[in-house]
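Data first, discussion second: the structure below is written as structure tokens.
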Amino acid sequence: MYFKIFLSVAFLSFSYFAVAQTDMQKADTAFVHGEFSTAIELYQKLLKKNKDSQSIKEIYYKLGTSLYSINKYREAKDWTEKAIEEGYSDAKAFLQYGEILVLLSDYKAAKGAFQQYINRSGDNSINSKIVSCDFALSGKKSLVPIEIKNITELNSAYSEFGLALIKDKLIFASSRYNENDKFDNY
């Protein structure tokens, strides 16, 4: 009798573990194949079920990566930040976090994330990203207000581009329909 109960409990425990593994494998497969929307859904479901801190860190990171890959930078920042705060140990999390912060124009924090990546990985090849952050920060200090207005006397219903000033004349290129109703560049 006890043996049957033991077998039943063992089977149910194993079944639950197998289902959880299958869900993680499905999410990872979607992630690897670039099906990021599917991966996001599956990882979010896993977060509700999973209490293992090592798995949660990885799920946070993969959620951040998936969201970054589909250009949802604010959400990607939150999940990547959570992974780092929870102790996700792979240095590439700091690189990704820095890249996200650059896209969100938080150059000071991005610079710190890039430095953390260098400290943890020993990879100095991204020093140019730190220099870019410094450049962006220096540019923010000297912003000059610019007013952009539509000059209706110059603009047409077509697409004008490639402006140049030669001596005292303004020249430009324009895409316009020709007599055969096809676009020509002038």
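Simple scheme: letters A, B, ... for chains in structure tokens order, numbers from 1 for residues in each chain, numbers from 1 for ligands in the order shown.
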
Alpha helix (DSSP H) positions in segment 2-169 of chain A, given as a PyMOL selection string
chain A and resi 2-32+36-49+53-69+73-85+92-103+107-121+127-141

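The space separating atom CA of Tyr107 of chain A from atom CA of Ile126 of chain A comes to 14.4 Å.
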
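The coordinates place atom CA of Asn127 of chain A at 26.0 Å from atom CA of Ile70 of chain A.
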
Judged by only C-alpha atoms, the minimum distance to Ala109 of chain A among A:Leu170, A:Leu137, A:Met24, A:Tyr43 is found for A:Leu137

Write down as a PyMOL selection string the residues belonging to chain A that are assigned strand (DSSP E) by DSSP computed on the backbone.
chain A and resi 159-166+169-177+183-185

Emit the selected residues as an mmCIF file, in the first residue's frame, including N, CA and C atoms.
data_model
loop_
_atom_site.group_PDB
_atom_site.id
_atom_site.type_symbol
_atom_site.label_atom_id
_atom_site.label_comp_id
_atom_site.auth_asym_id
_atom_site.auth_seq_id
_atom_site.Cartn_x
_atom_site.Cartn_y
_atom_site.Cartn_z
ATOM 1 N N SER A 159 8.775 64.681 -52.642
ATOM 2 C CA SER A 159 9.808 64.478 -51.641
ATOM 3 C C SER A 159 11.090 65.188 -52.071
ATOM 4 N N GLU A 160 11.439 66.254 -51.358
ATOM 5 C CA GLU A 160 12.678 66.968 -51.629
ATOM 6 C C GLU A 160 13.738 66.505 -50.623
ATOM 7 N N PHE A 161 14.959 66.374 -51.107
ATOM 8 C CA PHE A 161 16.038 65.904 -50.236
ATOM 9 C C PHE A 161 17.377 66.327 -50.820
ATOM 10 N N GLY A 162 18.437 66.096 -50.068
ATOM 11 C CA GLY A 162 19.782 66.367 -50.546
ATOM 12 C C GLY A 162 20.050 67.837 -50.771
ATOM 13 N N LEU A 163 19.696 68.665 -49.806
ATOM 14 C CA LEU A 163 19.899 70.104 -49.948
ATOM 15 C C LEU A 163 21.379 70.464 -49.939
ATOM 16 N N ALA A 164 21.721 71.467 -50.723
ATOM 17 C CA ALA A 164 23.094 71.977 -50.736
ATOM 18 C C ALA A 164 23.038 73.465 -51.068
ATOM 19 N N LEU A 165 23.962 74.210 -50.510
ATOM 20 C CA LEU A 165 24.066 75.636 -50.770
ATOM 21 C C LEU A 165 25.319 75.842 -51.623
ATOM 22 N N ILE A 166 25.135 76.344 -52.847
ATOM 23 C CA ILE A 166 26.249 76.620 -53.746
ATOM 24 C C ILE A 166 26.217 78.111 -54.055
ATOM 25 N N LYS A 169 22.926 80.126 -53.991
ATOM 26 C CA LYS A 169 21.752 79.384 -54.471
ATOM 27 C C LYS A 169 21.579 78.075 -53.688
ATOM 28 N N LEU A 170 20.333 77.759 -53.411
ATOM 29 C CA LEU A 170 19.981 76.506 -52.743
ATOM 30 C C LEU A 170 19.575 75.510 -53.815
ATOM 31 N N ILE A 171 20.240 74.361 -53.848
ATOM 32 C CA ILE A 171 19.849 73.319 -54.802
ATOM 33 C C ILE A 171 19.397 72.094 -54.011
ATOM 34 N N PHE A 172 18.570 71.281 -54.645
ATOM 35 C CA PHE A 172 18.060 70.087 -53.975
ATOM 36 C C PHE A 172 17.649 69.069 -55.011
ATOM 37 N N ALA A 173 17.439 67.852 -54.542
ATOM 38 C CA ALA A 173 16.915 66.783 -55.393
ATOM 39 C C ALA A 173 15.455 66.586 -55.012
ATOM 40 N N SER A 174 14.674 66.084 -55.954
ATOM 41 C CA SER A 174 13.259 65.881 -55.695
ATOM 42 C C SER A 174 12.762 64.656 -56.444
ATOM 43 N N SER A 175 11.879 63.905 -55.798
ATOM 44 C CA SER A 175 11.218 62.784 -56.467
ATOM 45 C C SER A 175 9.847 63.261 -56.906
ATOM 46 N N ARG A 176 9.603 63.222 -58.211
ATOM 47 C CA ARG A 176 8.332 63.697 -58.759
ATOM 48 C C ARG A 176 7.856 62.741 -59.833
ATOM 49 N N TYR A 177 6.582 62.766 -60.075
ATOM 50 C CA TYR A 177 6.031 61.939 -61.152
ATOM 51 C C TYR A 177 6.362 62.562 -62.505
ATOM 52 N N PHE A 183 7.903 57.645 -60.886
ATOM 53 C CA PHE A 183 8.768 58.547 -60.144
ATOM 54 C C PHE A 183 10.077 58.770 -60.875
ATOM 55 N N ASP A 184 10.480 60.011 -60.922
ATOM 56 C CA ASP A 184 11.804 60.399 -61.421
ATOM 57 C C ASP A 184 12.452 61.243 -60.343
ATOM 58 N N ASN A 185 13.758 61.133 -60.259
ATOM 59 C CA ASN A 185 14.505 62.007 -59.341
ATOM 60 C C ASN A 185 15.093 63.142 -60.167
#

For Thr80 of chain A, which residue out of A:Lys92, A:Tyr97, A:Thr29, A:Ile151 is the nearest one, using only C-alpha atoms?
A:Tyr97

Coordinates-based distance that separates atom CA of Gly98 of chain A from atom CA of Pro145 of chain A (Å, one decimal)
27.9 Å

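The closest residue to His33 of chain A, picked from A:Ser66, A:Asn124, A:Ser138, A:Ser89 and counting only C-alpha atoms, is A:Ser66.
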
Could you name the residues that touch Glu85 of chain A at 12 Å or less, counting only C-alpha atoms, but leaving out those on the same chain fewer than 6 positions away, as a PyMOL selection string?
chain A and resi 53+56-58+60-61+77-79+93-94+97

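For Leu104 of chain A, the set of protein, DNA and RNA residues having any atom at most 8 Å away, when counting only C-alpha atoms and skipping those fewer than 3 positions along the same chain, is Tyr73, Arg74, Ile100 and Leu101 of chain A.
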
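Minimum atom-to-atom distance to Leu67 of chain A, evaluated using only C-alpha atoms, belongs to A:Ile40 out of A:Ile40, A:Ile146, A:Leu103, A:Leu95.
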
From the list A:Ile118, A:Ala39, A:Ala83, A:Ala91, the nearest residue to Ser69 of chain A using only C-alpha atoms is A:Ala39
